[in-house]
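Student: Next comes query.cif, mmCIF, C-alpha atoms:
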```cif
data_target
loop_
_atom_site.label_atom_id
_atom_site.label_comp_id
_atom_site.auth_asym_id
_atom_site.auth_seq_id
_atom_site.Cartn_x
_atom_site.Cartn_y
_atom_site.Cartn_z
CA MET A 227 -12.00 -17.72 -13.34
CA THR A 228 -14.19 -14.98 -11.93
CA LEU A 229 -13.16 -11.46 -12.92
CA PRO A 230 -13.11 -8.80 -10.16
CA SER A 231 -16.35 -6.92 -9.64
CA LEU A 232 -16.32 -3.33 -10.84
CA THR A 233 -18.93 -2.34 -8.26
CA PRO A 234 -17.30 0.48 -6.27
CA PRO A 235 -16.70 -0.27 -2.58
CA THR A 236 -18.29 1.84 0.15
CA TYR A 237 -17.46 2.68 3.75
CA GLN A 238 -19.80 -0.11 4.84
CA ASP A 239 -17.55 -2.52 2.96
CA VAL A 240 -14.60 -1.19 4.97
CA ALA A 241 -16.50 -1.60 8.24
CA ASP A 242 -17.51 -5.14 7.25
CA ALA A 243 -13.89 -5.91 6.38
CA ALA A 244 -12.81 -4.75 9.84
CA GLN A 245 -15.16 -7.30 11.39
CA ARG A 246 -13.89 -10.01 9.04
CA LEU A 247 -10.27 -9.22 9.95
CA SER A 248 -10.86 -9.00 13.69
CA GLY A 249 -8.66 -11.54 15.44
CA VAL A 250 -6.87 -12.38 12.18
CA ALA A 251 -4.98 -9.22 11.18
CA HIS A 252 -2.84 -7.43 13.75
CA HIS A 253 -4.23 -4.21 15.21
CA THR A 254 -0.96 -2.39 14.54
CA PRO A 255 0.37 0.25 16.94
CA VAL A 256 0.27 4.01 16.47
CA MET A 257 3.68 5.47 17.34
CA ARG A 258 4.77 9.01 18.15
CA CYS A 259 8.07 10.89 17.80
CA THR A 260 8.71 14.06 19.83
CA THR A 261 11.70 15.00 17.69
CA MET A 262 9.67 15.07 14.48
CA ASP A 263 6.74 16.79 16.17
CA GLU A 264 9.08 19.61 17.15
CA ARG A 265 10.73 19.73 13.74
CA LEU A 266 7.46 20.05 11.84
CA GLY A 267 5.57 21.95 14.52
CA ALA A 268 2.80 19.34 14.36
CA LYS A 269 1.56 16.23 16.15
CA LEU A 270 2.38 13.18 14.06
CA PHE A 271 0.73 9.78 14.47
CA PHE A 272 2.45 6.87 12.70
CA LYS A 273 0.21 3.87 11.92
CA CYS A 274 2.82 1.10 11.75
CA GLU A 275 1.64 -1.37 9.12
CA ASN A 276 5.24 -2.53 8.78
CA LEU A 277 4.33 -4.57 11.88
CA GLN A 278 1.30 -6.16 10.17
CA ARG A 279 1.24 -9.86 9.26
CA THR A 280 3.51 -10.47 6.24
CA GLY A 281 5.14 -7.10 7.03
CA ALA A 282 2.68 -4.83 5.19
CA PHE A 283 -0.89 -3.53 5.02
CA LYS A 284 -1.51 -5.82 2.03
CA PHE A 285 -2.57 -8.68 4.30
CA ARG A 286 -5.76 -6.78 5.12
CA GLY A 287 -7.03 -6.62 1.55
CA ALA A 288 -5.86 -10.08 0.58
CA TYR A 289 -7.53 -11.83 3.49
CA ASN A 290 -10.73 -9.81 3.13
CA ALA A 291 -10.99 -10.85 -0.53
CA LEU A 292 -10.18 -14.52 -0.04
CA ALA A 293 -12.45 -14.86 2.99
CA GLN A 294 -15.40 -14.09 0.69
CA PHE A 295 -14.63 -16.85 -1.85
CA SER A 296 -17.32 -19.41 -2.55
CA ASP A 297 -16.60 -23.08 -1.86
CA ALA A 298 -15.96 -23.61 -5.59
CA GLN A 299 -13.52 -20.72 -5.72
CA ARG A 300 -11.65 -22.03 -2.68
CA GLU A 301 -11.31 -25.42 -4.32
CA GLY A 302 -9.93 -23.84 -7.51
CA GLY A 303 -7.61 -21.55 -5.62
CA VAL A 304 -6.41 -17.97 -6.03
CA LEU A 305 -4.03 -16.39 -8.51
CA THR A 306 -2.47 -12.93 -8.40
CA PHE A 307 0.36 -10.83 -9.81
CA SER A 308 2.60 -8.78 -7.53
CA ALA A 309 6.13 -7.53 -6.98
CA GLY A 310 6.08 -8.74 -3.42
CA ASN A 311 3.85 -7.47 -0.61
CA HIS A 312 0.52 -8.47 -2.15
CA ALA A 313 2.15 -11.74 -3.19
CA GLN A 314 3.06 -12.57 0.40
CA ALA A 315 -0.35 -11.45 1.64
CA ILE A 316 -2.21 -13.67 -0.83
CA ALA A 317 0.08 -16.60 -0.05
CA LEU A 318 -0.47 -16.41 3.71
CA SER A 319 -4.20 -15.71 3.40
CA ALA A 320 -4.59 -18.72 1.10
CA ARG A 321 -2.74 -20.91 3.57
CA LEU A 322 -4.92 -19.71 6.45
CA LEU A 323 -8.06 -20.38 4.40
CA ASP A 324 -6.76 -23.72 3.07
CA MET A 325 -6.69 -23.02 -0.66
CA PRO A 326 -4.04 -23.23 -3.40
CA ALA A 327 -2.28 -20.02 -4.47
CA LEU A 328 -0.24 -19.09 -7.54
CA VAL A 329 1.61 -15.78 -7.80
CA VAL A 330 3.05 -14.18 -10.93
CA MET A 331 6.12 -12.16 -9.87
CA PRO A 332 8.74 -10.17 -11.81
CA GLU A 333 11.98 -12.10 -12.06
CA ASP A 334 13.84 -9.14 -10.51
CA ALA A 335 11.55 -8.93 -7.48
CA ALA A 336 13.24 -8.54 -4.10
CA HIS A 337 14.69 -11.91 -3.13
CA SER A 338 13.28 -11.69 0.39
CA LYS A 339 9.75 -11.08 -0.91
CA MET A 340 9.90 -13.94 -3.41
CA ALA A 341 11.33 -16.32 -0.82
CA ALA A 342 8.66 -15.39 1.73
CA THR A 343 5.89 -15.90 -0.84
CA ARG A 344 7.12 -19.44 -1.48
CA GLU A 345 7.58 -20.11 2.23
CA TYR A 346 3.95 -19.15 2.86
CA GLY A 347 3.02 -21.95 0.46
CA ALA A 348 2.31 -20.28 -2.88
CA GLN A 349 3.61 -21.41 -6.25
CA VAL A 350 5.59 -18.63 -7.97
CA VAL A 351 5.79 -18.04 -11.73
CA THR A 352 8.23 -15.34 -12.86
CA TYR A 353 8.16 -12.99 -15.85
CA ASN A 354 10.24 -10.16 -17.36
CA ARG A 355 8.55 -6.92 -16.32
CA HIS A 356 10.16 -5.03 -19.19
CA THR A 357 9.05 -7.32 -22.02
CA GLU A 358 6.03 -9.29 -20.75
CA ASP A 359 2.51 -8.33 -19.62
CA ARG A 360 1.84 -9.66 -16.12
CA GLU A 361 -1.92 -9.20 -16.38
CA ALA A 362 -2.13 -11.14 -19.65
CA ILE A 363 0.01 -13.94 -18.18
CA SER A 364 -2.16 -14.05 -15.06
CA GLN A 365 -5.44 -14.11 -16.96
CA GLN A 366 -4.22 -16.95 -19.18
CA LEU A 367 -3.03 -19.01 -16.19
CA ALA A 368 -6.28 -18.38 -14.32
CA ARG A 369 -8.29 -19.64 -17.29
CA GLU A 370 -6.10 -22.69 -17.75
CA ARG A 371 -6.14 -23.67 -14.08
CA GLY A 372 -9.62 -22.58 -13.06
CA MET A 373 -8.29 -20.18 -10.43
CA THR A 374 -9.81 -16.88 -9.30
CA LEU A 375 -7.76 -13.77 -10.05
CA VAL A 376 -7.40 -11.24 -7.22
CA PRO A 377 -5.35 -8.25 -8.48
CA PRO A 378 -3.19 -6.16 -6.13
CA PHE A 379 -5.36 -3.05 -5.93
CA ASP A 380 -8.27 -2.75 -8.39
CA HIS A 381 -10.69 -5.02 -6.56
CA ALA A 382 -13.54 -3.89 -4.30
CA HIS A 383 -12.80 -6.39 -1.52
CA VAL A 384 -9.07 -5.58 -1.60
CA ILE A 385 -9.74 -1.83 -1.39
CA ALA A 386 -12.16 -2.34 1.51
CA GLY A 387 -9.65 -4.44 3.40
CA GLN A 388 -6.86 -1.91 2.93
CA GLY A 389 -9.15 0.81 4.26
CA THR A 390 -9.23 -0.86 7.67
CA ALA A 391 -5.74 0.48 8.46
CA ALA A 392 -7.02 4.07 8.22
CA LEU A 393 -10.22 3.08 10.00
CA GLU A 394 -8.22 1.84 12.99
CA LEU A 395 -6.06 4.96 13.00
CA LEU A 396 -9.06 7.31 12.84
CA GLN A 397 -10.85 5.41 15.60
CA GLU A 398 -7.78 5.57 17.82
CA VAL A 399 -6.79 9.14 16.92
CA PRO A 400 -9.90 11.14 16.02
CA ASP A 401 -9.84 14.68 14.67
CA LEU A 402 -6.88 14.30 12.35
CA ASP A 403 -6.35 17.35 10.16
CA TYR A 404 -4.24 15.52 7.57
CA LEU A 405 -3.67 11.91 6.58
CA PHE A 406 -0.70 11.01 4.35
CA VAL A 407 -0.91 7.72 2.46
CA CYS A 408 1.52 6.05 0.04
CA LEU A 409 0.33 5.46 -3.50
CA GLY A 410 1.06 2.85 -6.14
CA GLY A 411 -2.05 1.42 -7.73
CA GLY A 412 -4.23 3.28 -5.24
CA GLY A 413 -5.80 0.49 -3.17
CA LEU A 414 -4.61 1.77 0.20
CA LEU A 415 -5.34 5.40 -0.66
CA SER A 416 -8.83 4.55 -1.96
CA GLY A 417 -9.71 2.53 1.13
CA SER A 418 -8.29 5.26 3.37
CA LEU A 419 -10.42 7.86 1.59
CA LEU A 420 -13.57 5.80 2.19
CA ALA A 421 -12.72 5.54 5.89
CA ALA A 422 -11.88 9.23 6.21
CA GLN A 423 -15.03 10.37 4.43
CA ALA A 424 -17.11 8.51 7.00
CA LEU A 425 -15.11 9.05 10.18
CA ALA A 426 -13.31 12.37 9.63
CA PRO A 427 -14.79 14.22 6.64
CA HIS A 428 -12.80 17.37 7.48
CA CYS A 429 -9.49 15.46 7.27
CA LYS A 430 -7.40 16.28 4.19
CA VAL A 431 -6.11 13.03 2.70
CA MET A 432 -2.88 13.34 0.71
CA GLY A 433 -1.53 10.66 -1.61
CA VAL A 434 2.25 10.36 -1.97
CA GLU A 435 4.09 8.64 -4.82
CA PRO A 436 7.66 8.60 -6.16
CA GLU A 437 8.45 11.54 -8.45
CA THR A 438 9.53 9.13 -11.20
CA ALA A 439 6.26 7.18 -10.87
CA ASN A 440 3.76 10.02 -10.75
CA ASP A 441 1.06 8.49 -12.92
CA ALA A 442 -1.58 9.19 -10.26
CA GLN A 443 -0.58 12.83 -9.94
CA GLN A 444 -0.75 13.17 -13.72
CA SER A 445 -4.13 11.42 -13.73
CA LEU A 446 -5.53 13.75 -11.09
CA ARG A 447 -4.38 16.79 -13.07
CA ALA A 448 -5.70 15.44 -16.39
CA GLY A 449 -9.01 14.17 -15.04
CA ARG A 450 -8.45 10.75 -16.62
CA ILE A 451 -6.25 7.71 -16.05
CA VAL A 452 -2.75 8.37 -17.36
CA ARG A 453 -0.52 5.35 -18.02
CA ILE A 454 3.26 5.72 -17.84
CA ASP A 455 6.24 3.58 -18.84
CA HIS A 456 7.64 1.24 -16.20
CA PRO A 457 9.04 3.67 -13.59
CA GLN A 458 12.46 3.41 -11.98
CA THR A 459 12.42 4.01 -8.21
CA ILE A 460 13.67 2.33 -5.06
CA ALA A 461 10.01 2.21 -3.92
CA ASP A 462 9.31 -1.11 -5.64
CA GLY A 463 5.82 -1.33 -4.16
CA ALA A 464 4.84 1.90 -5.94
CA GLN A 465 5.89 1.00 -9.47
CA ALA A 466 2.35 0.64 -10.82
CA GLN A 467 2.02 2.17 -14.27
CA ALA A 468 -1.57 3.36 -13.85
CA LEU A 469 -4.43 3.63 -11.40
CA GLY A 470 -7.35 1.24 -11.74
CA ALA A 471 -10.95 1.64 -12.88
CA LEU A 472 -12.08 1.45 -9.24
CA THR A 473 -9.29 3.36 -7.52
CA PHE A 474 -9.12 6.35 -9.87
CA PRO A 475 -12.66 7.74 -9.35
CA ILE A 476 -12.37 7.46 -5.56
CA ILE A 477 -9.04 9.29 -5.59
CA ARG A 478 -10.25 11.87 -8.11
CA ASP A 479 -13.36 12.67 -6.11
CA HIS A 480 -11.98 12.65 -2.56
CA ALA A 481 -8.20 13.10 -2.35
CA GLU A 482 -7.01 16.55 -1.33
CA ASP A 483 -3.97 16.21 -3.59
CA ILE A 484 -1.18 13.90 -4.70
CA ILE A 485 2.41 14.92 -4.09
CA THR A 486 5.72 13.31 -5.00
CA VAL A 487 9.08 12.72 -3.35
CA SER A 488 12.52 11.71 -4.61
CA ASP A 489 14.37 8.49 -3.89
CA GLN A 490 16.86 10.51 -1.84
CA GLN A 491 14.04 11.82 0.34
CA LEU A 492 12.92 8.22 0.85
CA ILE A 493 16.41 7.18 1.92
CA GLU A 494 16.51 10.01 4.44
CA ALA A 495 13.14 8.88 5.77
CA LEU A 496 14.40 5.29 6.15
CA ARG A 497 17.33 6.58 8.20
CA PHE A 498 15.00 8.57 10.41
CA PHE A 499 12.82 5.53 11.11
CA ALA A 500 15.89 3.40 11.93
CA GLN A 501 17.75 5.96 14.00
CA ARG A 502 14.99 7.72 15.89
CA MET A 503 12.01 5.33 15.95
CA LYS A 504 13.95 2.04 15.88
CA ILE A 505 11.77 0.43 13.22
CA VAL A 506 12.59 -1.14 9.84
CA VAL A 507 10.64 0.45 6.98
CA GLU A 508 10.89 -0.31 3.27
CA PRO A 509 11.17 2.56 0.75
CA THR A 510 7.51 2.36 -0.26
CA GLY A 511 6.57 2.33 3.41
CA ALA A 512 8.40 5.62 3.90
CA LEU A 513 6.52 7.46 1.15
CA ALA A 514 3.81 8.93 3.40
CA PHE A 515 6.28 10.29 5.94
CA ALA A 516 8.61 11.69 3.28
CA GLY A 517 5.57 13.33 1.70
CA ALA A 518 4.53 14.92 4.99
CA GLN A 519 8.02 16.34 5.41
CA ALA A 520 8.05 17.71 1.87
CA PHE A 521 4.56 19.15 2.20
CA SER A 522 5.35 20.77 5.54
CA GLY A 523 7.96 22.97 3.89
CA GLU A 524 10.52 21.85 6.45
CA ASP A 525 13.38 22.58 4.09
CA ASN A 526 12.48 26.25 3.81
CA GLY A 527 11.18 26.70 7.34
CA ALA A 528 7.58 27.34 6.30
CA LYS A 529 6.11 24.58 8.48
CA LEU A 530 2.82 24.33 6.61
CA LEU A 531 1.66 21.65 9.07
CA GLN A 532 2.19 23.94 12.07
CA GLY A 533 -0.24 23.03 14.85
CA GLU A 534 -1.94 20.26 12.83
CA ARG A 535 -2.70 16.67 13.83
CA VAL A 536 -1.17 14.49 11.12
CA GLY A 537 -1.70 10.80 10.46
CA ILE A 538 0.94 8.85 8.55
CA ILE A 539 0.44 5.29 7.34
CA VAL A 540 3.76 3.44 7.38
CA SER A 541 2.72 0.86 4.82
CA GLY A 542 5.37 -1.84 5.05
CA GLY A 543 8.77 -3.05 6.19
CA ASN A 544 9.76 -5.76 3.70
CA VAL A 545 13.20 -4.96 2.36
CA ASP A 546 16.23 -7.10 1.58
CA LEU A 547 18.69 -6.58 4.42
CA ALA A 548 21.70 -6.08 2.14
CA ARG A 549 19.79 -3.44 0.17
CA TYR A 550 18.56 -1.85 3.38
CA ALA A 551 22.10 -1.65 4.72
CA ARG A 552 23.20 0.19 1.56
CA PHE A 553 20.37 2.69 1.97
CA LEU A 554 21.42 3.43 5.53
CA ALA A 555 25.13 3.62 4.70
CA ASP A 556 25.04 5.80 1.57
#
```
Go ahead and express the file in the form of structure tokens.
Tutor:
Amino acid sequence: MTLPSLTPPTYQDVADAAQRLSGVAHHTPVMRCTTMDERLGAKLFFKCENLQRTGAFKFRGAYNALAQFSDAQREGGVLTFSAGNHAQAIALSARLLDMPALVVMPEDAAHSKMAATREYGAQVVTYNRHTEDREAISQQLARERGMTLVPPFDHAHVIAGQGTAALELLQEVPDLDYLFVCLGGGGLLSGSLLAAQALAPHCKVMGVEPETANDAQQSLRAGRIVRIDHPQTIADGAQAQALGALTFPIIRDHAEDIITVSDQQLIEALRFFAQRMKIVVEPTGALAFAGAQAFSGEDNGAKLLQGERVGIIVSGGNVDLARYARFLAD
């Protein structure tokens, strides 16, 4: 087992990842919505990573990491831990690169995400997220099986790959004033910050996390990594308990701020995407948009984004259909 490098990634790593992903990852569309532009008094640009391979931005980081394995690492295979989107991304990337994959998933993970991970060819080992330590389980399995551990967010190659979503958006839509990005462990936000610093240094990058899972917001305020108990939120992709050793310093040094939204705000965002934009978005994928709405002051008419050009990364669309139907019907 080779432990992840703690060498911080740079913008050049993001640019290199974009070349590595060219022709492999989808160049996802940027969508517009006149109704929301008028409501917020801004120009919104939605980067639709829900239409990425495996249904989420996670494919970018997973493939970028696995594509840099040595021959010996490929023979041993890859191991990761994930609630779903990174799991699927690792599974598909491993299949494309012809290597074995093992994924440690919580036993209560979304059925659709666990099924897809297996269908992509990975072996799945489950654990109880409330009583067992997924990282300890993963490290033990990696040692026993000679596999290389690629964690969901705190890995330089993963962060660089995730940053290519923002890179594409900023190349297609230059001169953004704000960029809203969902936040769990911080891989996507960190990569987006690297891209924005190089391509649009004036752009204010805002992280958005669930209000019940605000470890990153607490960390930013405290100036150190704050770890929280397992959070309860419908945004299952943002249930990380703490930022990582690589993601925290990037976020601390470059993020404009981190804001939070409620589960009810996420549900309202899901309905908007379904009704007005005709796209399926999972709760975690709606975080950035819900955050932009909350930040804009729409509820009190302040319109703090008035006249601004606003990028929103829609991070994923993997949600069990029965659960999704309940969200839309409630």
Student: To one decimal place, how far is CA of Gly543 in chain A from CA of Asn311 in chain A in Å?
Tutor: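 Pair CA of Gly543 in chain A / CA of Asn311 in chain A returns 9.5 Å.
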Student: Please build the interface table for range 360-413 of chain A against range 423-430 of chain A with a cut-off of 9 Å, listing for each qualifying residue the nearest atom pair and the distance in Å to one decimal; count only C-alpha atoms, order rows by chain and increasing number, and write it as a tab-separated table.
Tutor:
```
residue	atom	partner	partner_atom	distance
A:Leu393	CA	A:Leu425	CA	7.7
A:Leu396	CA	A:Leu425	CA	6.8
A:Gln397	CA	A:Leu425	CA	7.8
A:Pro400	CA	A:Ala426	CA	7.3
A:Asp401	CA	A:Ala426	CA	6.5
A:Leu402	CA	A:Cys429	CA	5.8
A:Asp403	CA	A:Cys429	CA	4.7
A:Tyr404	CA	A:Lys430	CA	4.7
A:Leu405	CA	A:Lys430	CA	6.2
A:Phe406	CA	A:Lys430	CA	8.5
```
Student: Those residues you just picked out, can you put them in a file as a PDB file, in the frame of the given file with C-alpha atoms?
Tutor:
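Wrote again.pdb, looks like this:
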```
ATOM      1  CA  LEU A 393     -10.220   3.080  10.000  1.00  0.00           C
ATOM      2  CA  LEU A 396      -9.060   7.310  12.840  1.00  0.00           C
ATOM      3  CA  GLN A 397     -10.850   5.410  15.600  1.00  0.00           C
ATOM      4  CA  PRO A 400      -9.900  11.140  16.020  1.00  0.00           C
ATOM      5  CA  ASP A 401      -9.840  14.680  14.670  1.00  0.00           C
ATOM      6  CA  LEU A 402      -6.880  14.300  12.350  1.00  0.00           C
ATOM      7  CA  ASP A 403      -6.350  17.350  10.160  1.00  0.00           C
ATOM      8  CA  TYR A 404      -4.240  15.520   7.570  1.00  0.00           C
ATOM      9  CA  LEU A 405      -3.670  11.910   6.580  1.00  0.00           C
ATOM     10  CA  PHE A 406      -0.700  11.010   4.350  1.00  0.00           C
TER      11      PHE A 406
END
```
Student: Please check which residues have atoms at most 12 Å from (-10.2, -12.2, 9.7) in the file's coordinates, counting only C-alpha atoms, and write them as a list in words.
Tutor: Asp242, Ala243, Ala244, Gln245, Arg246, Leu247, Ser248, Gly249, Val250, Ala251, His252, His253, Arg279, Phe285, Arg286, Gly287, Ala288, Tyr289, Asn290, Ala291, Leu292, Ala293, Gln294, Ser319, Leu322, Leu323, Gly387 and Thr390 of chain A
Student: Just checking: using only C-alpha atoms, which residue out of A:Glu345, A:Asp297, A:Asp483, A:Glu494 ends up closest to Asp324 in chain A?
Tutor: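 Among A:Glu345, A:Asp297, A:Asp483, A:Glu494, it is A:Asp297 that comes nearest to Asp324 in chain A.
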Student: Just how far from CA of Leu277 in chain A is CA of Arg300 in chain A, in Å to one decimal?
Tutor: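 According to the coordinates, CA of Arg300 in chain A and CA of Leu277 in chain A are separated by 27.8 Å.
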Student: At a cut-off of 12 Å, using only C-alpha atoms, what residues contact Gly310 in chain A? Leave out same-chain residues fewer than 3 positions from it and give the result as a PyMOL selection string.
Tutor: chain A and resi 280-282+284-285+306-307+313-317+329-344+350+352+378+461-465+508+510+542-546
Student: Quick one: distance from CA of Thr236 in chain A to CA of Val376 in chain A in Å, one decimal?
Tutor: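 We find that CA of Thr236 in chain A and CA of Val376 in chain A lie 18.5 Å from each other.
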Student: Excluding Glu398 in chain A and any residue of its chain fewer than 4 positions from it, enumerate the residues within 10 Å of it, using all atoms listed in the file, and give them as a compact mmCIF listing (two decimals) with C-alpha atoms, in the frame of the given file.
Tutor:
```
# COMPACT_ATOMS: atom_id res chain seq x y z
CA PRO A 255 0.37 0.25 16.94
CA VAL A 256 0.27 4.01 16.47
CA ALA A 392 -7.02 4.07 8.22
CA LEU A 393 -10.22 3.08 10.00
CA GLU A 394 -8.22 1.84 12.99
```
Student: Write out as an MDAnalysis selection string the residues lying within 8 Å of Leu472 in chain A, counting only C-alpha atoms and excluding same-chain residues fewer than 4 positions away.
Tutor: chainID A and resid 232:234 380:382 476
Student: Rebuild range 330-339 of chain A to all heavy atoms - output it as a compact mmCIF listing (two decimals), in the coordinates of the input, please.
Tutor:
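Contents of result-v9.txt, freshly written:
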```txt
# COMPACT_ATOMS: atom_id res chain seq x y z
N VAL A 330 2.21 -14.60 -9.82
CA VAL A 330 3.05 -14.18 -10.93
C VAL A 330 3.89 -13.00 -10.46
O VAL A 330 3.35 -11.93 -10.14
CB VAL A 330 2.19 -13.80 -12.15
CG1 VAL A 330 3.07 -13.30 -13.29
CG2 VAL A 330 1.35 -14.99 -12.61
N MET A 331 5.22 -13.18 -10.41
CA MET A 331 6.12 -12.16 -9.87
C MET A 331 7.19 -11.80 -10.89
O MET A 331 7.63 -12.66 -11.66
CB MET A 331 6.80 -12.65 -8.58
CG MET A 331 5.87 -12.99 -7.45
SD MET A 331 6.75 -13.41 -5.91
CE MET A 331 7.37 -11.80 -5.40
N PRO A 332 7.64 -10.54 -10.93
CA PRO A 332 8.74 -10.17 -11.81
C PRO A 332 10.01 -10.91 -11.39
O PRO A 332 10.27 -11.10 -10.20
CB PRO A 332 8.87 -8.66 -11.62
CG PRO A 332 8.24 -8.38 -10.31
CD PRO A 332 7.15 -9.39 -10.14
N GLU A 333 10.79 -11.32 -12.37
CA GLU A 333 11.98 -12.10 -12.06
C GLU A 333 13.01 -11.31 -11.26
O GLU A 333 13.86 -11.90 -10.59
CB GLU A 333 12.61 -12.62 -13.36
CG GLU A 333 13.02 -11.53 -14.35
CD GLU A 333 13.36 -12.08 -15.73
OE1 GLU A 333 13.12 -13.30 -15.95
OE2 GLU A 333 13.85 -11.31 -16.57
N ASP A 334 12.91 -9.97 -11.28
CA ASP A 334 13.84 -9.14 -10.51
C ASP A 334 13.23 -8.65 -9.20
O ASP A 334 13.71 -7.70 -8.60
CB ASP A 334 14.31 -7.94 -11.35
CG ASP A 334 13.16 -7.04 -11.80
OD1 ASP A 334 11.99 -7.45 -11.65
OD2 ASP A 334 13.43 -5.93 -12.30
N ALA A 335 12.16 -9.30 -8.75
CA ALA A 335 11.55 -8.93 -7.48
C ALA A 335 12.55 -9.13 -6.35
O ALA A 335 13.49 -9.92 -6.46
CB ALA A 335 10.30 -9.77 -7.23
N ALA A 336 12.36 -8.40 -5.26
CA ALA A 336 13.24 -8.54 -4.10
C ALA A 336 13.30 -10.01 -3.68
O ALA A 336 12.26 -10.66 -3.53
CB ALA A 336 12.73 -7.67 -2.96
N HIS A 337 14.51 -10.50 -3.48
CA HIS A 337 14.69 -11.91 -3.13
C HIS A 337 13.92 -12.28 -1.86
O HIS A 337 13.28 -13.34 -1.79
CB HIS A 337 16.18 -12.22 -2.93
CG HIS A 337 16.44 -13.60 -2.40
ND1 HIS A 337 16.33 -14.73 -3.19
CD2 HIS A 337 16.78 -14.04 -1.15
CE1 HIS A 337 16.59 -15.81 -2.45
NE2 HIS A 337 16.87 -15.41 -1.22
N SER A 338 13.95 -11.39 -0.87
CA SER A 338 13.28 -11.69 0.39
C SER A 338 11.77 -11.83 0.20
O SER A 338 11.12 -12.68 0.82
CB SER A 338 13.57 -10.59 1.42
OG SER A 338 13.12 -9.33 0.97
N LYS A 339 11.19 -11.02 -0.68
CA LYS A 339 9.75 -11.08 -0.91
C LYS A 339 9.37 -12.35 -1.67
O LYS A 339 8.35 -12.99 -1.38
CB LYS A 339 9.28 -9.83 -1.65
CG LYS A 339 9.43 -8.55 -0.82
CD LYS A 339 8.92 -7.32 -1.56
CE LYS A 339 9.06 -6.08 -0.69
NZ LYS A 339 8.55 -4.85 -1.33
```
